[in-house]
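my_file-v4.cif follows (mmCIF, C-alpha atoms and all ligand atoms):
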data_protein
#
loop_
_atom_site.label_atom_id
_atom_site.label_comp_id
_atom_site.auth_asym_id
_atom_site.auth_seq_id
_atom_site.Cartn_x
_atom_site.Cartn_y
_atom_site.Cartn_z
CA MET B 321 22.38 -10.24 -18.83
CA THR B 322 20.37 -7.76 -16.78
CA ARG B 323 17.87 -8.87 -14.16
CA GLN B 324 14.49 -8.30 -15.79
CA LEU B 325 11.24 -8.98 -13.96
CA THR B 326 7.93 -8.76 -15.79
CA ILE B 327 5.34 -7.47 -13.35
CA GLY B 328 1.57 -7.17 -13.61
CA ALA B 329 -0.44 -4.64 -11.62
CA ALA B 330 -3.87 -6.25 -11.34
CA GLN B 331 -6.33 -3.50 -10.50
CA LEU B 332 -9.77 -4.51 -9.23
CA GLY B 333 -12.97 -2.63 -9.80
CA PRO B 334 -15.51 -2.48 -6.97
CA VAL B 335 -16.09 -5.42 -4.65
CA ASN B 336 -19.54 -5.07 -3.15
CA ARG B 337 -20.56 -6.12 0.32
CA SER B 338 -22.66 -8.94 -1.12
CA ASP B 339 -19.85 -10.34 -3.30
CA GLU B 340 -18.74 -13.77 -2.18
CA ARG B 341 -15.00 -14.43 -1.87
CA GLY B 342 -15.33 -17.15 -4.51
CA ALA B 343 -16.56 -14.63 -7.08
CA VAL B 344 -13.70 -12.29 -6.22
CA VAL B 345 -11.16 -15.10 -6.52
CA GLU B 346 -12.58 -15.84 -9.98
CA ARG B 347 -11.78 -12.22 -10.93
CA LEU B 348 -8.27 -12.56 -9.49
CA LEU B 349 -7.77 -15.76 -11.51
CA ALA B 350 -8.92 -14.00 -14.69
CA LEU B 351 -6.32 -11.28 -14.10
CA LEU B 352 -3.70 -13.93 -13.33
CA HIS B 353 -4.45 -15.67 -16.64
CA GLN B 354 -4.23 -12.36 -18.50
CA GLY B 355 -0.85 -11.93 -16.88
CA GLU B 356 0.26 -15.39 -17.89
CA ARG B 357 -0.60 -14.61 -21.51
CA ARG B 358 1.57 -11.50 -21.21
CA GLY B 359 4.50 -13.30 -19.67
CA VAL B 360 4.33 -11.85 -16.17
CA GLU B 361 6.30 -13.46 -13.35
CA LEU B 362 4.72 -11.47 -10.50
CA VAL B 363 1.15 -10.14 -10.19
CA VAL B 364 0.23 -7.54 -7.58
CA PHE B 365 -3.35 -7.34 -6.32
CA PRO B 366 -4.92 -4.47 -4.30
CA GLU B 367 -5.32 -3.83 -0.58
CA LEU B 368 -8.14 -5.81 1.09
CA ALA B 369 -8.77 -7.43 -2.29
CA LEU B 370 -11.11 -10.17 -1.11
CA THR B 371 -13.83 -8.02 0.40
CA THR B 372 -15.45 -4.66 0.08
CA PHE B 373 -13.59 -1.87 1.90
CA PHE B 374 -15.56 -2.44 5.07
CA PRO B 375 -13.95 0.36 7.19
CA ARG B 376 -16.36 2.69 5.33
CA TRP B 377 -18.97 1.50 7.85
CA TYR B 378 -18.72 1.65 11.65
CA VAL B 379 -19.70 -1.51 13.50
CA ASP B 380 -18.96 -1.08 17.17
CA ASP B 381 -18.71 -4.77 18.06
CA LEU B 382 -15.71 -6.06 16.09
CA THR B 383 -16.87 -9.65 16.42
CA GLU B 384 -19.76 -8.72 14.12
CA THR B 385 -17.22 -8.00 11.36
CA ASP B 386 -15.20 -11.19 11.78
CA HIS B 387 -16.52 -12.44 8.44
CA PHE B 388 -14.49 -9.76 6.62
CA TYR B 389 -11.23 -11.19 8.01
CA GLU B 390 -9.18 -14.24 7.02
CA THR B 391 -7.91 -16.38 9.88
CA GLU B 392 -5.43 -18.23 7.67
CA MET B 393 -3.84 -17.66 4.27
CA PRO B 394 -4.24 -19.60 2.05
CA ASN B 395 -7.69 -20.84 3.02
CA ALA B 396 -10.51 -22.61 1.23
CA ALA B 397 -11.58 -19.50 -0.68
CA THR B 398 -8.09 -18.52 -1.82
CA GLN B 399 -6.50 -21.96 -2.32
CA PRO B 400 -7.53 -21.97 -6.02
CA LEU B 401 -5.50 -18.80 -6.55
CA PHE B 402 -2.46 -20.22 -4.77
CA ASP B 403 -2.74 -23.49 -6.70
CA GLU B 404 -3.16 -21.88 -10.13
CA ALA B 405 -0.37 -19.36 -9.55
CA ARG B 406 2.00 -22.16 -8.57
CA ARG B 407 0.93 -24.22 -11.60
CA LEU B 408 1.67 -21.27 -13.86
CA GLY B 409 4.91 -20.40 -12.07
CA ILE B 410 3.70 -16.88 -11.27
CA GLY B 411 4.22 -15.17 -7.93
CA PHE B 412 1.76 -12.69 -6.46
CA ALA B 413 1.05 -10.19 -3.70
CA LEU B 414 -2.46 -10.14 -2.21
CA GLY B 415 -4.00 -7.76 0.27
CA PHE B 416 -6.45 -9.09 2.85
CA ALA B 417 -7.85 -8.42 6.33
CA GLU B 418 -6.09 -10.72 8.80
CA ARG B 419 -7.48 -11.85 12.16
CA THR B 420 -5.01 -13.82 14.23
CA LEU B 421 -4.38 -14.93 17.80
CA ASP B 422 -1.15 -14.12 19.58
CA SER B 423 1.18 -16.92 20.71
CA THR B 424 -0.69 -17.30 24.01
CA GLY B 425 -3.99 -17.63 22.17
CA ALA B 426 -5.45 -15.05 24.51
CA THR B 427 -5.37 -11.94 22.34
CA THR B 428 -6.89 -11.38 18.92
CA HIS B 429 -4.99 -9.14 16.51
CA ARG B 430 -6.54 -7.59 13.43
CA TYR B 431 -4.19 -6.40 10.68
CA ASN B 432 -4.49 -4.93 7.21
CA SER B 433 -2.11 -7.41 5.58
CA GLN B 434 -0.44 -8.29 2.29
CA ILE B 435 1.08 -11.68 1.53
CA LEU B 436 3.91 -12.21 -0.98
CA VAL B 437 4.10 -15.61 -2.68
CA GLU B 438 7.02 -16.74 -4.88
CA ARG B 439 6.67 -18.43 -8.28
CA ASP B 440 7.06 -21.88 -6.71
CA GLY B 441 4.14 -21.20 -4.36
CA SER B 442 6.30 -20.62 -1.28
CA VAL B 443 5.26 -17.77 1.02
CA VAL B 444 8.01 -15.12 1.12
CA ALA B 445 6.45 -12.90 3.79
CA THR B 446 3.29 -11.30 5.12
CA TYR B 447 3.48 -7.54 5.64
CA ARG B 448 1.10 -5.83 8.06
CA LYS B 449 0.19 -2.20 7.35
CA MET B 450 1.99 0.28 9.60
CA HIS B 451 0.44 3.69 8.87
CA ILE B 452 -3.25 3.26 9.76
CA PRO B 453 -5.17 6.33 8.54
CA GLY B 454 -8.64 7.58 9.30
CA HIS B 455 -10.27 7.37 12.74
CA ALA B 456 -11.06 4.90 15.53
CA ASP B 457 -14.39 6.23 16.79
CA HIS B 458 -17.66 6.51 14.94
CA GLU B 459 -17.99 9.87 13.21
CA PRO B 460 -21.71 9.97 12.34
CA ASP B 461 -21.53 13.28 10.50
CA ARG B 462 -19.27 11.81 7.81
CA PRO B 463 -20.82 10.82 4.45
CA PHE B 464 -18.90 7.58 4.93
CA GLN B 465 -16.53 6.30 7.59
CA HIS B 466 -12.82 5.62 7.17
CA ALA B 467 -12.52 3.77 10.48
CA GLU B 468 -9.36 1.78 9.76
CA ARG B 469 -8.08 2.62 13.26
CA HIS B 470 -11.12 0.82 14.68
CA TYR B 471 -10.63 -2.29 12.57
CA PHE B 472 -6.84 -2.64 12.35
CA GLU B 473 -3.82 -2.20 14.57
CA PRO B 474 -0.42 -1.23 13.14
CA GLY B 475 1.74 -4.14 12.11
CA PRO B 476 4.48 -5.09 14.61
CA ASP B 477 7.23 -5.85 12.13
CA GLY B 478 8.12 -2.58 10.40
CA PHE B 479 9.05 -2.36 6.74
CA GLY B 480 10.91 -5.45 5.55
CA VAL B 481 12.74 -6.25 2.34
CA TRP B 482 13.16 -9.82 1.08
CA HIS B 483 15.35 -11.61 -1.47
CA ALA B 484 12.78 -12.76 -4.01
CA PHE B 485 12.06 -12.72 -7.78
CA GLY B 486 15.77 -12.25 -8.49
CA GLY B 487 15.99 -9.01 -6.54
CA LEU B 488 15.15 -7.20 -3.31
CA VAL B 489 11.39 -6.84 -2.81
CA GLY B 490 9.56 -4.68 -0.28
CA MET B 491 5.90 -4.18 0.55
CA ALA B 492 3.70 -1.35 1.79
CA ILE B 493 -0.06 -0.77 1.93
CA CYS B 494 -2.04 2.29 0.89
CA ASN B 495 -1.44 5.11 3.41
CA ASP B 496 2.13 3.82 3.93
CA ARG B 497 2.88 5.12 0.40
CA ARG B 498 2.29 8.73 1.52
CA TRP B 499 5.10 8.70 4.10
CA PRO B 500 8.69 9.11 2.85
CA GLU B 501 9.94 7.08 5.81
CA THR B 502 8.24 4.01 4.33
CA TYR B 503 10.43 4.04 1.22
CA ARG B 504 13.61 5.19 2.96
CA VAL B 505 13.53 2.38 5.54
CA MET B 506 13.26 -0.05 2.64
CA GLY B 507 15.75 1.97 0.59
CA LEU B 508 18.26 1.52 3.41
CA GLN B 509 17.80 -2.24 2.91
CA GLY B 510 18.52 -1.92 -0.83
CA VAL B 511 14.96 -2.39 -2.05
CA GLU B 512 14.55 -2.67 -5.82
CA VAL B 513 10.77 -3.02 -6.16
CA VAL B 514 8.08 -1.94 -3.68
CA LEU B 515 4.66 -3.59 -4.00
CA ILE B 516 1.75 -1.44 -2.76
CA GLY B 517 -1.96 -2.24 -2.76
CA TYR B 518 -4.27 0.70 -2.06
CA THR B 519 -7.89 1.74 -1.60
CA THR B 520 -8.23 5.50 -1.83
CA PRO B 521 -11.60 7.24 -1.66
CA ILE B 522 -11.36 10.29 -3.91
CA HIS B 523 -13.42 12.36 -1.45
CA TYR B 524 -11.19 13.21 1.54
CA VAL B 525 -13.66 14.17 4.25
CA PRO B 526 -11.26 16.15 6.52
CA ASP B 527 -10.26 18.43 3.61
CA PRO B 528 -12.39 18.19 0.41
CA SER B 529 -10.01 20.61 -1.33
CA GLN B 530 -7.72 17.60 -1.73
CA ASP B 531 -10.29 15.63 -3.75
CA ALA B 532 -9.28 17.21 -7.06
CA LEU B 533 -5.66 16.37 -6.30
CA ALA B 534 -6.18 12.69 -5.44
CA GLY B 535 -4.56 11.47 -8.65
CA PHE B 536 -1.74 14.00 -8.50
CA HIS B 537 -0.92 13.10 -4.88
CA ASN B 538 -1.05 9.40 -5.69
CA ARG B 539 1.51 9.78 -8.46
CA LEU B 540 3.55 12.31 -6.49
CA VAL B 541 4.19 10.11 -3.48
CA MET B 542 4.94 6.92 -5.41
CA SER B 543 7.15 8.61 -7.99
CA SER B 544 9.03 10.44 -5.24
CA GLY B 545 9.50 7.27 -3.23
CA ALA B 546 10.77 5.46 -6.32
CA TYR B 547 13.21 8.17 -7.41
CA GLN B 548 14.58 9.08 -3.97
CA ASN B 549 15.37 5.45 -3.20
CA GLY B 550 16.25 4.15 -6.68
CA THR B 551 13.50 1.54 -6.68
CA TRP B 552 10.63 0.36 -8.85
CA VAL B 553 7.21 0.98 -7.30
CA VAL B 554 4.03 -0.90 -8.22
CA GLY B 555 0.82 0.69 -6.93
CA VAL B 556 -2.40 -1.28 -7.41
CA ALA B 557 -5.89 0.07 -6.71
CA LYS B 558 -9.22 -1.30 -5.70
CA ALA B 559 -11.03 1.25 -7.91
CA GLY B 560 -14.38 2.63 -8.99
CA PRO B 561 -17.75 3.22 -7.34
CA GLU B 562 -17.73 0.76 -4.43
CA GLU B 563 -20.85 0.83 -2.21
CA GLY B 564 -21.46 4.47 -3.08
CA VAL B 565 -17.87 5.65 -2.59
CA GLU B 566 -15.73 6.53 -5.63
CA LEU B 567 -12.29 4.95 -5.30
CA LEU B 568 -9.23 6.22 -7.16
CA GLY B 569 -7.85 3.99 -9.91
CA GLN B 570 -4.58 5.07 -11.52
CA SER B 571 -2.75 1.81 -10.74
CA SER B 572 0.83 2.39 -11.85
CA ILE B 573 4.19 0.81 -12.45
CA ILE B 574 6.90 3.36 -11.74
CA ALA B 575 10.60 3.20 -12.64
CA PRO B 576 13.49 4.17 -10.32
CA SER B 577 13.62 7.41 -12.32
CA GLY B 578 10.18 8.25 -10.97
CA GLU B 579 8.66 7.90 -14.45
CA VAL B 580 5.30 6.17 -14.75
CA VAL B 581 5.91 3.38 -17.29
CA ALA B 582 2.37 1.94 -17.16
CA GLN B 583 -0.93 3.16 -15.75
CA THR B 584 -4.50 1.86 -15.83
CA LEU B 585 -7.04 3.76 -17.92
CA THR B 586 -10.19 2.47 -16.25
CA THR B 587 -11.61 2.01 -12.77
CA ARG B 588 -12.53 -1.63 -13.43
CA ASP B 589 -10.62 -4.91 -13.33
CA GLU B 590 -7.60 -4.07 -15.47
CA LEU B 591 -4.12 -5.51 -15.81
CA ILE B 592 -1.14 -3.40 -16.75
CA THR B 593 2.32 -4.89 -17.21
CA ALA B 594 5.92 -3.78 -17.55
CA THR B 595 9.27 -5.54 -17.86
CA CYS B 596 11.24 -4.01 -15.04
CA ASP B 597 15.03 -4.01 -15.31
CA LEU B 598 16.09 -4.30 -11.68
CA ASP B 599 19.61 -3.23 -12.63
CA TRP B 600 18.20 0.24 -13.46
CA CYS B 601 18.03 0.79 -9.70
CA ALA B 602 21.82 1.06 -9.57
CA ARG B 603 21.68 4.11 -11.85
CA TYR B 604 20.29 6.02 -8.86
CA LYS B 605 21.55 4.00 -5.90
CA GLN B 606 25.16 4.33 -7.09
CA THR B 607 25.02 7.99 -8.12
CA LEU B 608 22.67 10.69 -6.81
CA PHE B 609 21.31 8.49 -4.02
CA ASP B 610 24.49 6.73 -2.96
CA PHE B 611 23.26 6.69 0.66
CA ASP B 612 26.55 5.65 2.22
CA ARG B 613 28.34 8.49 0.48
CA TYR B 614 25.89 11.35 0.80
CA ARG B 615 23.43 10.81 3.68
CA LEU B 616 23.91 12.67 6.99
CA PRO B 617 22.10 10.56 9.60
CA GLU B 618 23.73 12.54 12.40
CA HIS B 619 21.57 15.46 11.24
CA TYR B 620 18.37 13.46 10.83
CA THR B 621 17.82 12.53 14.48
CA ARG B 622 14.52 14.43 14.65
CA ILE B 623 13.04 11.94 12.24
CA THR B 624 13.23 9.09 14.77
CA ALA B 625 13.29 11.16 17.99
CA GLN B 626 10.06 13.08 17.35
CA ARG B 627 6.52 12.05 16.44
CA GLY B 628 4.97 15.52 15.99
CA VAL B 629 6.19 19.04 15.32
CA ILE B 630 8.32 20.93 17.85
CA GLU B 631 8.68 24.54 16.72
CA PRO B 632 11.85 26.49 17.49
CA PRO B 633 11.65 28.90 20.46
CA ARG B 634 10.96 32.55 19.74
CA LEU B 635 14.24 34.35 20.46
CA THR B 636 12.63 37.79 20.47
CA GLU B 637 9.09 39.13 20.67
CA PRO B 638 7.64 39.36 17.18
CA PRO B 639 7.83 42.91 15.85
CA SER B 640 4.53 44.68 16.34
CA ASP B 641 2.86 44.94 12.99
CA PRO B 642 2.58 48.63 12.00
CA ARG B 643 -0.89 47.74 10.72
CA GLY B 644 -1.79 46.67 14.28
CA GLN B 645 -2.37 42.99 13.32
CA GLN B 646 -0.42 40.05 14.78
N1 LIG B 701 -6.62 4.95 2.21
C1 LIG B 701 -6.24 6.25 2.04
C2 LIG B 701 -4.84 6.50 1.50
O1 LIG B 701 -3.92 6.85 2.19
C3 LIG B 701 -6.84 8.44 2.45
C4 LIG B 701 -6.57 7.16 3.18
C5 LIG B 701 -8.03 8.56 1.77
C6 LIG B 701 -5.87 9.42 2.39
C7 LIG B 701 -8.27 9.73 1.03
C8 LIG B 701 -6.10 10.58 1.67
C9 LIG B 701 -7.29 10.74 0.98
O2 LIG B 701 -4.75 6.39 0.28
C10 LIG B 701 -6.02 3.95 2.90
N2 LIG B 701 -6.69 2.79 2.89
O3 LIG B 701 -4.98 4.11 3.52
#

Just dump the structure as structure tokens.
Ligand code: ING
Amino acid sequence: MTRQLTIGAAQLGPVNRSDERGAVVERLLALLHQGERRGVELVVFPELALTTFFPRWYVDDLTETDHFYETEMPNAATQPLFDEARRLGIGFALGFAERTLDSTGATTHRYNSQILVERDGSVVATYRKMHIPGHADHEPDRPFQHAERHYFEPGPDGFGVWHAFGGLVGMAICNDRRWPETYRVMGLQGVEVVLIGYTTPIHYVPDPSQDALAGFHNRLVMSSGAYQNGTWVVGVAKAGPEEGVELLGQSSIIAPSGEVVAQTLTTRDELITATCDLDWCARYKQTLFDFDRYRLPEHYTRITAQRGVIEPPRLTEPPSDPRGQQ
């Protein structure tokens, strides 16, 4: 009997600034119930699912944005989701903004987080986003901000993998999915399904030429991560026109082959499902990507030794260009 896990990717359409958490939780419950009718065992919700994507505005004083963060999870607003999921025997992953005090109680930390809850309602883990994109300072010339580096600090825990749902489950959030290291660190822990919530504005202010490629790049990075590490990948969007910014949909469930087995067709609340055979991972982990047999970590030291590019030295002066250009 193979290990099959029926997963739902529960895409959300826009969440506006004025939307109360209770109304959002009602939408999450509707998607959960759709999943239950389709036999899902695990539902994945987007990044920062409970609020609008507030880093699109710059508010200098962080205490004025405290209302976007959760100080505990579950809490009064989300308890109905936790209770109903447990009643139905369905696990879930939920992205939210986390504001927490360190052990001394002296320092506030703000993370872009994602909690994973098992089918019995027990909390497996909370992952805190590592790759924080965008900018930290106000950039007034932008059509909208992407000031995640103002609102969140990188998580302290790295990329974990946990025994859950009958397999090995990992988590990542949004920009993490663009970095191959994200998947490989989990791949080296044997990950069999990676759960990723994302919020991706289609317009990329630093280089608008990438706008037309937003969907291609989304599929490219998740399919590559899946294939090169022999893992399922579930990417779930907050989608659609949210407070004047068009967010990419294209939530997907991707097989260890890199093939997209399910994808949303809308940019609204939409559930897609797939029955994922976790034993398919071995087809890649035990052949092409048998890490222990084929990897050459002694030749990969740059990957952990360097942050940025170090070009090789020029051994000779470049030949002068007969056309007089350099
Ligand atoms: N969002 C984006 C992401 O990596 C971004 C940042 C936006 C990258 C647009 C490229 C283009 O999908 C988050 N929240 O990380």

Self-check item: Test item: residues lying within 6 Å of ligand LIG 701 (chain B) with only C-alpha atoms and all ligand atoms, as a ChimeraX atom specification
Solution: /B:453,494-495,518-522,524

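With all atoms listed in the file as the atoms that count, the minimum distance from Gly555 of chain B to the choices B:Gln570, B:Thr371, B:Ser433, B:Thr391 is reached by B:Gln570.
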
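Here atom CA of Phe412 of chain B and atom CA of Glu361 of chain B stand 8.3 Å from one another.
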
Counting all atoms listed in the file, which residues come within 10 Å of (2.7, -4.7, 15.3), with the point read in the file's coordinates, and could you list them as an MDAnalysis selection string? chainID B and resid 429:431 448:450 473:478

Spatial neighbours of Gly355 of chain B, 10 Å, only C-alpha atoms, chain gap at least 4 places, as a PyMOL selection string:
chain B and resi 326-330+349-351+359-363+410+591-593

Contact residues around Tyr378 of chain B with all atoms listed in the file at 7 Å, ignoring same-chain residues under 6 positions, as a PyMOL selection string: chain B and resi 458+465+467

Across B:Val565, B:Val345, B:Leu635, B:Ala413, the smallest distance to Glu438 of chain B, with only C-alpha atoms counted, is shown by B:Ala413

Expressed in Å, the length from atom CA of Pro334 of chain B to atom CA of Gly560 of chain B is 5.6 Å

Nearest candidate to His470 of chain B (options B:Leu616, B:Ile452, B:Ala484, B:Leu325; using all atoms listed in the file) |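 Under the stated criterion, the closest residue is B:Ile452.
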
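What separates atom CA of Pro400 of chain B from atom CA of Gly333 of chain B is a distance of 20.4 Å.
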
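Remark: for Leu488 of chain B, the closest of the candidate residues B:Ala534, B:Met321, B:Ala559, B:Cys601 is B:Cys601 (distances computed over all atoms listed in the file).
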
Item to complete: Within 8 Å of segment 509-514 of chain B, counting all atoms listed in the file, which residues show up once you throw out same-chain ones fewer than 6 positions away? Write them as a list in words, please.
Response: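 Contacts, in chain order: Val481, Gly487, Leu488, Val489, Gly490, Met491, Ala492, Asn549, Gly550, Thr551, Trp552, Val553, Val554, Leu598 and Cys601 of chain B.
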
Could you give me, as a list in words, the residues within 10 Å of segment 537-540 of chain B, counting only C-alpha atoms and dropping anything in the same chain fewer than 4 positions from it?
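The contact residues come out as Cys494, Arg497, Arg498, Tyr518, Thr520, Gln530, Asp531, Ala532, Leu533, Ser544, Gly545, Ala546, Gly555, Leu568, Gly569, Gln570, Ser571, Ser572, Ile574, Gly578, Glu579 and Val580 of chain B.
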
Among B:Glu404, B:Glu367, B:Glu631, B:Glu501, Lys558 of chain B is approached most closely, using only C-alpha atoms, by B:Glu367

Point to revise | Shell of 8 Å around Phe611 of chain B, only C-alpha atoms, local chain residues under 4 positions omitted, as a list in words | key: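 What passes the distance filter is Leu508, Lys605 and Arg615 of chain B.
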
Just checking: using all atoms listed in the file, which residue out of B:Glu562, B:Pro375, B:Arg419, B:Asp381 ends up closest to Arg469 of chain B?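 Comparing B:Glu562, B:Pro375, B:Arg419, B:Asp381 against Arg469 of chain B, the winner is B:Pro375.
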
In file coordinates, which residues lie within 10 Å of (19.6, 9.1, -3.8) using only C-alpha atoms, given as a short mmCIF file (atom, residue, chain, number, x, y, z; two decimals) with C-alpha atoms, in the frame of the given file?
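Dumped everything to part08.cif:
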data_model
loop_
_atom_site.label_atom_id
_atom_site.label_comp_id
_atom_site.auth_asym_id
_atom_site.auth_seq_id
_atom_site.Cartn_x
_atom_site.Cartn_y
_atom_site.Cartn_z
CA ARG B 504 13.61 5.19 2.96
CA GLY B 507 15.75 1.97 0.59
CA ALA B 546 10.77 5.46 -6.32
CA TYR B 547 13.21 8.17 -7.41
CA GLN B 548 14.58 9.08 -3.97
CA ASN B 549 15.37 5.45 -3.20
CA GLY B 550 16.25 4.15 -6.68
CA ARG B 603 21.68 4.11 -11.85
CA TYR B 604 20.29 6.02 -8.86
CA LYS B 605 21.55 4.00 -5.90
CA GLN B 606 25.16 4.33 -7.09
CA THR B 607 25.02 7.99 -8.12
CA LEU B 608 22.67 10.69 -6.81
CA PHE B 609 21.31 8.49 -4.02
CA ASP B 610 24.49 6.73 -2.96
CA PHE B 611 23.26 6.69 0.66
CA ASP B 612 26.55 5.65 2.22
CA ARG B 613 28.34 8.49 0.48
CA TYR B 614 25.89 11.35 0.80
CA ARG B 615 23.43 10.81 3.68
#
